file coords.cif (mmCIF, C-alpha atoms)
data_start
#
loop_
_atom_site.label_atom_id
_atom_site.label_comp_id
_atom_site.auth_asym_id
_atom_site.auth_seq_id
_atom_site.Cartn_x
_atom_site.Cartn_y
_atom_site.Cartn_z
CA MET A 1 123.22 11.62 180.49
CA THR A 2 126.35 13.25 181.88
CA THR A 3 126.79 17.00 182.04
CA ARG A 4 129.59 16.95 179.44
CA LEU A 5 127.45 15.04 176.95
CA ARG A 6 124.47 17.34 177.53
CA ALA A 7 126.61 20.45 176.77
CA ARG A 8 127.90 18.74 173.64
CA TRP A 9 124.35 18.40 172.24
CA THR A 10 123.15 21.81 173.41
CA ARG A 11 125.55 23.83 171.22
CA PRO A 12 124.54 22.26 167.86
CA ALA A 13 120.85 22.61 168.77
CA ALA A 14 121.27 26.35 169.45
CA LEU A 15 123.12 26.80 166.18
CA ILE A 16 120.36 25.03 164.23
CA THR A 17 117.66 27.15 165.91
CA LEU A 18 119.51 30.44 165.11
CA THR A 19 119.99 29.45 161.49
CA ALA A 20 116.33 28.54 161.06
CA GLY A 21 115.26 31.88 162.57
CA THR A 22 117.50 33.79 160.20
CA ILE A 23 116.06 31.97 157.18
CA ALA A 24 112.52 32.67 158.36
CA VAL A 25 113.25 36.39 158.78
CA ALA A 26 114.90 36.61 155.36
CA ALA A 27 111.94 34.91 153.73
CA ALA A 28 109.47 37.43 155.18
CA PRO A 29 108.43 40.00 152.48
CA ALA A 30 109.72 43.56 152.95
CA VAL A 31 107.02 46.16 153.62
CA ALA A 32 107.38 49.40 151.60
CA ALA A 33 107.58 52.63 153.57
CA PRO A 34 104.48 54.82 153.30
CA GLU A 35 104.64 57.99 151.20
CA THR A 36 105.72 61.14 153.01
CA VAL A 37 102.57 63.00 151.92
CA ARG A 38 99.38 61.58 150.47
CA ILE A 39 96.02 63.21 149.71
CA LEU A 40 93.36 60.97 151.22
CA SER A 41 90.17 62.63 149.95
CA VAL A 42 88.69 65.67 148.20
CA SER A 43 85.12 66.72 148.92
CA ALA A 44 84.33 67.39 145.23
CA GLU A 45 86.20 67.15 141.96
CA ASN A 46 83.62 69.14 139.93
CA VAL A 47 82.64 72.47 141.41
CA LYS A 48 81.28 75.84 140.41
CA PRO A 49 83.06 79.18 140.97
CA ASN A 50 83.36 80.20 144.66
CA GLU A 51 82.34 76.76 145.93
CA THR A 52 84.26 75.26 148.88
CA VAL A 53 86.50 72.22 148.53
CA ARG A 54 87.72 70.29 151.61
CA VAL A 55 90.88 68.25 151.36
CA ARG A 56 92.24 65.67 153.81
CA TYR A 57 95.84 64.47 153.65
CA THR A 58 98.39 62.65 155.79
CA VAL A 59 102.08 63.29 156.48
CA THR A 60 104.46 60.50 157.58
CA ASN A 61 107.96 60.68 159.04
CA ASN A 62 109.88 57.72 157.60
CA GLY A 63 113.13 58.69 159.30
CA SER A 64 114.79 57.25 162.39
CA ARG A 65 114.46 60.36 164.56
CA ALA A 66 111.87 63.03 165.29
CA GLU A 67 111.62 65.78 162.71
CA THR A 68 109.57 68.96 162.21
CA ALA A 69 107.70 68.96 158.90
CA ILE A 70 106.78 72.11 156.96
CA VAL A 71 103.52 71.56 155.06
CA VAL A 72 102.14 74.08 152.52
CA VAL A 73 98.88 73.73 150.58
CA GLY A 74 98.54 75.60 147.30
CA GLY A 75 97.65 75.26 143.65
CA GLY A 76 94.97 76.82 141.49
CA LEU A 77 92.37 77.11 144.28
CA ARG A 78 92.47 79.75 147.00
CA CYS A 79 93.30 78.30 150.41
CA THR A 80 91.30 79.72 153.32
CA SER A 81 92.25 77.49 156.31
CA GLY A 82 94.92 74.92 157.15
CA CYS A 83 97.17 76.38 154.45
CA ARG A 84 100.42 75.88 156.42
CA VAL A 85 101.26 73.62 159.34
CA GLU A 86 104.54 72.61 161.00
CA PRO A 87 103.97 69.41 163.01
CA LYS A 88 106.73 67.60 164.88
CA LEU A 89 106.56 63.89 164.03
CA GLY A 90 108.35 61.07 165.76
CA PRO A 91 110.13 58.35 163.79
CA GLY A 92 107.63 56.29 161.79
CA ARG A 93 104.70 58.43 162.95
CA SER A 94 101.93 59.88 160.75
CA GLN A 95 99.45 62.72 161.21
CA THR A 96 96.31 63.66 159.28
CA PHE A 97 95.31 67.23 158.43
CA ASP A 98 92.30 69.00 156.86
CA THR A 99 92.34 72.13 154.74
CA THR A 100 89.68 74.24 153.02
CA LEU A 101 89.93 75.87 149.60
CA VAL A 102 87.63 77.99 147.40
CA ALA A 103 87.22 77.56 143.65
CA PRO A 104 88.06 80.63 141.52
CA ASP A 105 86.02 82.14 138.69
CA ALA A 106 85.85 80.44 135.30
CA ARG A 107 85.00 81.72 131.84
CA PRO A 108 81.42 81.31 130.67
CA GLY A 109 80.82 77.95 129.01
CA GLU A 110 84.28 76.62 129.92
CA ILE A 111 85.53 73.97 132.32
CA THR A 112 88.88 74.72 133.92
CA GLY A 113 91.02 72.03 135.54
CA LEU A 114 93.09 73.19 138.53
CA ASN A 115 95.56 71.34 140.72
CA ILE A 116 95.42 71.12 144.50
CA SER A 117 99.02 70.70 145.63
CA VAL A 118 100.32 69.64 149.06
CA GLY A 119 104.06 70.12 149.54
CA VAL A 120 106.08 68.82 152.51
CA ARG A 121 109.68 69.46 153.50
CA LEU A 122 110.90 66.86 155.97
CA ALA A 123 114.46 65.91 156.91
CA GLY A 124 115.83 68.10 154.11
CA GLN A 125 113.72 66.40 151.43
CA ASN A 126 110.77 67.82 149.45
CA SER A 127 107.72 65.70 148.68
CA TYR A 128 104.50 66.54 146.80
CA ASP A 129 101.06 65.17 146.07
CA HIS A 130 98.35 66.78 143.96
CA LYS A 131 94.75 66.31 142.95
CA MET A 132 92.83 67.79 140.00
CA VAL A 133 89.57 69.72 140.53
CA TYR A 134 87.39 71.02 137.65
CA VAL A 135 85.69 74.39 137.87
CA HIS A 136 82.59 74.78 135.63
CA GLY A 137 82.01 78.32 134.39
CA PRO A 138 78.56 79.85 133.81
CA GLY A 139 76.70 78.03 131.06
CA ALA A 140 79.01 75.02 131.17
CA PRO A 141 77.51 71.55 131.76
CA SER A 142 76.51 71.09 135.39
CA PRO A 143 78.90 69.07 137.51
CA GLY A 144 77.82 65.46 137.32
CA GLY A 145 79.18 62.17 138.47
CA ASP A 146 82.73 61.11 138.01
CA LYS A 147 81.80 58.23 135.71
CA PRO A 148 83.76 58.66 132.48
CA ALA A 149 81.72 59.09 129.31
CA ALA A 150 82.44 57.30 126.08
CA GLY A 151 85.66 58.62 124.52
CA VAL A 152 89.15 59.35 125.81
CA LYS A 153 89.55 58.74 129.53
CA GLY A 154 91.83 61.71 130.01
CA VAL A 155 94.86 63.71 128.93
CA SER A 156 98.04 63.91 130.98
CA GLY A 157 101.63 64.97 130.46
CA ARG A 158 104.54 67.03 131.70
CA VAL A 159 106.07 70.36 130.72
CA ARG A 160 109.84 70.79 130.66
CA ASP A 161 112.33 73.38 129.44
CA ALA A 162 115.04 72.82 126.85
CA GLY A 163 117.35 71.42 129.55
CA GLY A 164 114.77 68.87 130.77
CA LYS A 165 113.85 70.76 133.96
CA ALA A 166 110.19 70.71 134.99
CA ILE A 167 108.26 74.00 134.66
CA SER A 168 105.41 74.77 137.03
CA GLY A 169 102.61 77.27 136.57
CA VAL A 170 102.28 76.70 132.83
CA ALA A 171 98.83 77.52 131.43
CA LEU A 172 97.56 74.63 129.27
CA THR A 173 94.60 74.60 126.91
CA ILE A 174 93.32 71.22 125.70
CA GLN A 175 90.93 70.95 122.77
CA ASP A 176 89.49 67.70 121.45
CA SER A 177 88.18 66.84 118.00
CA ALA A 178 84.61 67.87 118.97
CA GLY A 179 85.71 71.40 119.88
CA HIS A 180 85.54 70.92 123.65
CA GLU A 181 88.12 73.09 125.36
CA TYR A 182 89.53 72.59 128.84
CA ARG A 183 92.11 74.55 130.78
CA THR A 184 94.53 73.52 133.49
CA THR A 185 97.87 74.46 135.04
CA SER A 186 101.02 72.40 135.52
CA GLY A 187 102.07 71.54 139.08
CA ARG A 188 105.47 71.93 140.70
CA THR A 189 106.78 68.83 138.99
CA GLY A 190 105.54 70.11 135.62
CA GLN A 191 102.77 67.50 135.47
CA PHE A 192 99.19 68.14 134.41
CA SER A 193 96.16 65.97 133.78
CA ILE A 194 92.50 66.18 132.84
CA THR A 195 90.11 63.30 133.52
CA ALA A 196 86.96 62.80 131.49
CA SER A 197 83.59 62.56 133.19
CA ALA A 198 79.90 62.60 132.30
CA ALA A 199 79.93 66.40 132.37
CA LYS A 200 83.32 66.71 130.73
CA THR A 201 83.72 64.47 127.71
CA ILE A 202 86.89 64.19 125.63
CA ALA A 203 86.14 63.01 122.12
CA ALA A 204 88.41 60.45 120.49
CA GLY A 205 90.63 61.67 117.67
CA PRO A 206 93.10 64.53 117.39
CA ILE A 207 93.68 66.37 120.68
CA THR A 208 95.56 69.67 120.59
CA VAL A 209 97.43 70.88 123.65
CA ARG A 210 98.79 74.42 123.85
CA ALA A 211 101.16 75.56 126.65
CA SER A 212 102.22 79.12 127.48
CA LYS A 213 104.00 80.98 130.28
CA ASP A 214 105.63 84.37 130.65
CA GLY A 215 109.29 84.25 129.69
CA TYR A 216 108.83 81.24 127.40
CA GLY A 217 107.67 80.73 123.86
CA THR A 218 104.29 79.12 123.29
CA ALA A 219 104.40 75.38 122.55
CA ARG A 220 101.69 73.47 120.71
CA THR A 221 101.35 69.80 119.88
CA THR A 222 98.66 67.41 118.66
CA VAL A 223 98.24 63.81 119.74
CA ARG A 224 95.67 61.18 118.82
CA GLY A 225 93.44 59.97 121.63
CA ALA A 226 91.81 56.55 121.45
CA ALA A 227 88.51 55.71 123.12
CA GLY A 228 89.05 54.23 126.57
CA ASP A 229 92.71 55.32 126.76
CA VAL A 230 94.59 58.22 128.34
CA ALA A 231 96.40 60.46 125.88
CA THR A 232 99.94 61.30 126.99
CA VAL A 233 101.55 64.58 125.95
CA GLY A 234 105.11 65.85 126.33
CA LEU A 235 105.75 69.59 125.92
CA THR A 236 109.00 71.56 125.82
CA LEU A 237 109.08 75.32 126.34
CA THR A 238 111.97 77.43 125.14
CA ALA A 239 113.02 80.42 127.20
CA VAL A 240 112.73 83.76 125.42
CA ALA A 241 115.32 86.47 126.08
CA ALA A 242 113.88 89.72 127.43
CA PRO A 243 113.89 92.48 124.79
CA THR A 244 116.50 95.15 125.35
CA THR A 245 115.61 98.72 124.52
CA ALA A 246 118.76 100.57 123.47
CA SER A 247 118.74 104.25 122.64
CA ALA A 248 119.58 105.10 119.07
CA SER A 249 123.13 106.28 118.50
CA PRO A 250 123.74 109.83 117.25
CA ALA A 251 124.88 108.43 113.91
CA GLU A 252 121.62 106.49 113.49
CA GLU A 253 119.53 109.52 114.48
CA ALA A 254 121.34 111.71 111.95
CA GLU A 255 121.13 109.16 109.16
CA PRO A 256 117.78 110.34 107.68
CA VAL A 257 119.17 113.88 107.41
CA ALA A 258 122.41 112.79 105.82
CA VAL A 259 120.77 110.74 103.09
CA ALA A 260 119.73 112.80 100.07
CA ASP A 261 116.78 112.06 97.84
CA GLU A 262 117.37 109.78 94.92
CA GLY A 263 118.45 111.60 91.77
CA THR A 264 119.64 114.70 93.69
CA ALA A 265 123.34 115.42 93.55
CA GLU A 266 124.77 116.13 96.92
CA ALA A 267 127.63 118.58 97.21
CA ALA A 268 130.67 117.12 98.84
CA PRO A 269 131.74 118.99 101.98
CA PRO A 270 135.00 120.96 101.64
CA SER A 271 138.00 119.11 102.86
CA LEU A 272 140.23 120.86 105.36
CA LYS A 273 143.95 120.23 105.60
CA ALA A 274 145.72 120.58 108.86
CA VAL A 275 148.61 123.02 108.82
CA SER A 276 151.65 121.90 110.71
CA ASP A 277 153.38 124.10 113.23
CA GLU A 278 156.50 124.36 111.05
CA GLY A 279 154.60 125.95 108.13
CA GLY A 280 152.91 128.47 110.41
CA SER A 281 156.19 129.63 111.91
CA SER A 282 157.68 130.58 108.46
CA VAL A 283 155.01 133.21 107.74
CA PRO A 284 156.65 136.03 109.79
CA PHE A 285 159.97 135.47 107.99
CA LEU A 286 158.28 135.76 104.60
CA LEU A 287 156.56 139.00 105.61
CA GLY A 288 159.83 140.48 106.92
CA GLY A 289 161.62 139.67 103.69
CA LEU A 290 158.82 141.24 101.68
CA LEU A 291 159.08 144.47 103.71
CA VAL A 292 162.85 144.59 103.13
CA VAL A 293 162.36 144.26 99.38
CA VAL A 294 159.76 147.04 99.39
CA GLY A 295 162.11 149.32 101.33
CA LEU A 296 165.00 148.75 98.92
CA GLY A 297 162.73 149.45 95.97
CA ALA A 298 161.59 152.74 97.53
CA LEU A 299 165.20 153.77 98.12
CA ALA A 300 166.14 153.04 94.52
CA LEU A 301 163.20 155.11 93.31
CA VAL A 302 164.32 158.13 95.37
CA LEU A 303 167.85 158.01 93.97
CA MET A 304 166.56 157.87 90.42
CA ARG A 305 164.40 160.94 90.98
CA LEU A 306 167.29 162.87 92.43
CA ARG A 307 169.43 162.23 89.40
CA ASN A 308 166.73 163.46 87.03
CA THR A 309 165.97 166.69 89.00
CA PRO A 310 167.89 169.92 87.76
CA GLU A 311 169.97 171.71 90.38
CA ALA A 312 168.73 175.15 91.49
CA ALA A 313 171.02 178.22 91.73
CA GLY A 314 172.04 179.57 95.03
CA PRO A 315 172.65 177.94 98.23
CA SER A 316 170.75 174.90 98.86
CA THR A 317 169.07 174.02 102.04
CA PRO A 318 168.90 170.65 103.55
CA GLN A 319 166.02 168.75 102.10
CA LEU A 320 164.17 165.73 103.32
CA LEU A 321 163.01 163.66 100.43
CA ALA A 322 160.26 161.10 100.63
CA PRO A 323 159.11 158.57 98.06
CA ALA A 324 156.46 159.74 95.69
CA GLY A 325 153.01 159.12 96.94
CA GLY A 326 154.19 158.71 100.52
CA SER A 327 154.73 160.78 103.64
CA LEU A 328 157.93 161.51 105.49
CA ALA A 329 157.10 158.76 107.91
CA ASP A 330 157.21 156.30 105.03
CA ALA A 331 160.64 157.43 103.81
CA PRO A 332 163.20 154.83 104.71
CA THR A 333 166.20 157.24 104.26
CA ALA A 334 166.74 161.08 104.51
CA ILE A 335 169.40 162.69 102.17
CA LEU A 336 170.97 165.99 103.40
CA ARG A 337 172.79 168.40 101.06
CA ALA A 338 174.57 171.00 103.22
CA VAL A 339 177.11 172.37 100.67
CA PRO A 340 176.36 173.33 97.08
CA GLU A 341 178.57 172.09 94.34
CA GLY A 342 181.80 174.22 94.07
CA GLY A 343 181.69 175.27 97.73
CA PHE A 344 180.86 178.64 99.24
CA PRO A 345 182.57 181.90 97.73
CA GLY A 346 185.34 183.48 99.67
CA SER A 347 188.75 182.45 100.82
CA TYR A 348 187.43 180.60 103.85
CA GLY A 349 184.46 179.26 102.18
CA ALA A 350 182.13 181.92 103.57
CA PRO A 351 180.33 184.76 101.80
CA PRO A 352 182.15 188.17 101.76
CA GLN A 353 181.30 190.63 104.53
CA GLY A 354 179.94 194.02 103.47
CA GLY A 355 181.37 193.74 100.02
CA VAL A 356 185.01 194.75 101.21
CA ASP A 357 187.83 193.02 99.49
CA GLN A 358 190.05 191.50 102.18
CA ASN A 359 193.09 191.09 99.85
CA SER A 360 193.59 194.70 99.06
#
call {"tool": "encode", "arguments": {"input": "coords.cif", "output": "structure tokens"}}
result
Amino acid sequence: MTTRLRARWTRPAALITLTAGTIAVAAAPAVAAPETVRILSVSAENVKPNETVRVRYTVTNNGSRAETAIVVVGGGLRCTSGCRVEPKLGPGRSQTFDTTLVAPDARPGEITGLNISVGVRLAGQNSYDHKMVYVHGPGAPSPGGDKPAAGVKGVSGRVRDAGGKAISGVALTIQDSAGHEYRTTSGRTGQFSITASAAKTIAAGPITVRASKDGYGTARTTVRGAAGDVATVGLTLTAVAAPTTASASPAEEAEPVAVADEGTAEAAPPSLKAVSDEGGSSVPFLLGGLLVVVGLGALALVLMRLRNTPEAAGPSTPQLLAPAGGSLADAPTAILRAVPEGGFPGSYGAPPQGGVDQNS
């Protein structure tokens, strides 16, 4: 076979091989990426107060470059070790961690369900996983196996606000038809769940769930749980506005004093009229005119008395006359009479000297 003919057959063979490889790769099933955080095991799901619970979980970096993860363990149990870690994970790498928690106190005769939450922030994204642990208070049934008893398998649901946003830290009380009461708390995603067991039975029939949290109104709903099924509950809490304490206004404080008893007539307060500046300025003119009138009247009275008084003989002396009933200071006018009527005797109007006749 010549070299040219061999090259002619080599190119189609390579093309067929590449196409077959592509088809084989496309036909291979895609493998789902592992979860960023996953709780692998919990040492016990039913514990008594102050008992230790050990949790193992794994964190995976599904990105294409190395990232530092921030891991925080929390929930209803008190974390004592391994509560926060910050590992640096390469692309596609996973790391397993252990943490220790302690169960809190529980009310006598009650079983309280609490979440163990593991939160991870990696590459700007938040991821969570949680596990429920039941704390048996004094006098409550002893923690037994995890085998569910006859009745409802469990109760689960989510708590949201009026806008559909998840609410964490909501206190939930679940009561079945037999009077069994269980308590739990919603996680960061608003989810909660209670699983039945031999020591914690949930009777079939009406199941009442009550949710409450500070700043929200209490919500309550009832669902019907069937034997062998999980009852699902959806709760919505409405935010309650904080009460505002406003001080009473002076008008409100004086209101009880202003209101009179029924049947008692209340005197109306006198009304005051404002006097304008123009009216006030006319008062001095009125007083001046009144004084002028009084003065003229006094003068007229003096003249009338003078006319009615008989004239006395002999020379008259100047007299100062004042109005009757008044002093000289009150007299508006003084009348002087220097010459008697008819004039003085004598040729020059003066009395004769020594009785000698000047004309002789």
call {"tool": "residues_around", "arguments": {"input": "coords.cif", "residues": "A:Val135", "least_positions_apart": "5", "cutoff": "9 Å", "atoms": "all atoms listed in the file", "output": "PDB file with C-alpha atoms, in the frame of the given file"}}
result
ATOM      1  CA  GLU A  45      86.200  67.150 141.960  1.00  0.00           C
ATOM      2  CA  ASN A  46      83.620  69.140 139.930  1.00  0.00           C
ATOM      3  CA  VAL A  47      82.640  72.470 141.410  1.00  0.00           C
ATOM      4  CA  LYS A  48      81.280  75.840 140.410  1.00  0.00           C
ATOM      5  CA  PRO A  49      83.060  79.180 140.970  1.00  0.00           C
ATOM      6  CA  ALA A 103      87.220  77.560 143.650  1.00  0.00           C
ATOM      7  CA  PRO A 104      88.060  80.630 141.520  1.00  0.00           C
ATOM      8  CA  ASP A 105      86.020  82.140 138.690  1.00  0.00           C
ATOM      9  CA  ALA A 106      85.850  80.440 135.300  1.00  0.00           C
ATOM     10  CA  GLU A 110      84.280  76.620 129.920  1.00  0.00           C
ATOM     11  CA  ILE A 111      85.530  73.970 132.320  1.00  0.00           C
ATOM     12  CA  THR A 112      88.880  74.720 133.920  1.00  0.00           C
ATOM     13  CA  GLY A 113      91.020  72.030 135.540  1.00  0.00           C
ATOM     14  CA  LEU A 114      93.090  73.190 138.530  1.00  0.00           C
ATOM     15  CA  PRO A 143      78.900  69.070 137.510  1.00  0.00           C
TER      16      PRO A 143
END
call {"tool": "residues_around", "arguments": {"input": "coords.cif", "residues": "A:Ala204", "least_positions_apart": "4", "cutoff": "8 Å", "atoms": "all atoms listed in the file", "output": "list in words"}}
result
Gly151, Val152, Asp176, Ser177, Arg224, Gly225, Ala226 and Ala227 of chain A
call {"tool": "residues_near_point", "arguments": {"input": "coords.cif", "point": "(101.4, 77.7, 136.9)", "cutoff": "12 Å", "atoms": "all atoms listed in the file", "output": "JSON, numbers by chain"}}
result
{"A": [74, 75, 76, 77, 113, 114, 115, 116, 117, 159, 166, 167, 168, 169, 170, 171, 172, 183, 184, 185, 186, 187, 188, 189, 190, 191, 192, 211, 212, 213, 214]}
call {"tool": "resolve_selection", "arguments": {"input": "coords.cif", "expression": "the PyMOL selection byres ((chain A and resi 53-68) around 10)", "output": "JSON, numbers by chain"}}
result
{"A": [33, 34, 35, 36, 37, 38, 39, 40, 41, 42, 43, 44, 45, 46, 47, 50, 51, 52, 69, 70, 71, 73, 77, 78, 79, 81, 82, 85, 86, 87, 88, 89, 90, 91, 92, 93, 94, 95, 96, 97, 98, 99, 100, 101, 102, 103, 116, 118, 119, 120, 121, 122, 123, 124, 127, 129, 131, 133]}
call {"tool": "atom_distance", "arguments": {"input": "coords.cif", "atom1": "atom CA of A:Thr195", "atom2": "atom CA of A:Ala162"}}
result
27.5 Å
call {"tool": "atom_distance", "arguments": {"input": "coords.cif", "atom1": "atom CA of A:Gly139", "atom2": "atom CA of A:Ala219"}}
result
29.1 Å
call {"tool": "atom_distance", "arguments": {"input": "coords.cif", "atom1": "atom CA of A:Thr173", "atom2": "atom CA of A:Ile207"}}
result
10.4 Å
call {"tool": "closest_residue", "arguments": {"input": "coords.cif", "among": "A:Lys165, A:Arg220, A:Arg210, A:Arg160", "to": "A:Tyr182", "atoms": "all atoms listed in the file"}}
result
A:Arg210
call {"tool": "resolve_selection", "arguments": {"input": "coords.cif", "expression": "the PyMOL selection byres ((chain A and resi 230) around 7)", "output": "ChimeraX atom specification"}}
result
/A:152-155,229,231-232
call {"tool": "write_last_selection", "arguments": {"input": "coords.cif", "atoms": "C-alpha atoms", "output": "short mmCIF file (atom, residue, chain, number, x, y, z; two decimals), in the coordinates of the input"}}
result
data_model
loop_
_atom_site.label_atom_id
_atom_site.label_comp_id
_atom_site.auth_asym_id
_atom_site.auth_seq_id
_atom_site.Cartn_x
_atom_site.Cartn_y
_atom_site.Cartn_z
CA VAL A 152 89.15 59.35 125.81
CA LYS A 153 89.55 58.74 129.53
CA GLY A 154 91.83 61.71 130.01
CA VAL A 155 94.86 63.71 128.93
CA ASP A 229 92.71 55.32 126.76
CA ALA A 231 96.40 60.46 125.88
CA THR A 232 99.94 61.30 126.99
#
call {"tool": "residues_around", "arguments": {"input": "coords.cif", "residues": "A:Gln175", "least_positions_apart": "5", "cutoff": "6 Å", "atoms": "all atoms listed in the file", "output": "MDAnalysis selection string"}}
result
chainID A and resid 180:181 207:208
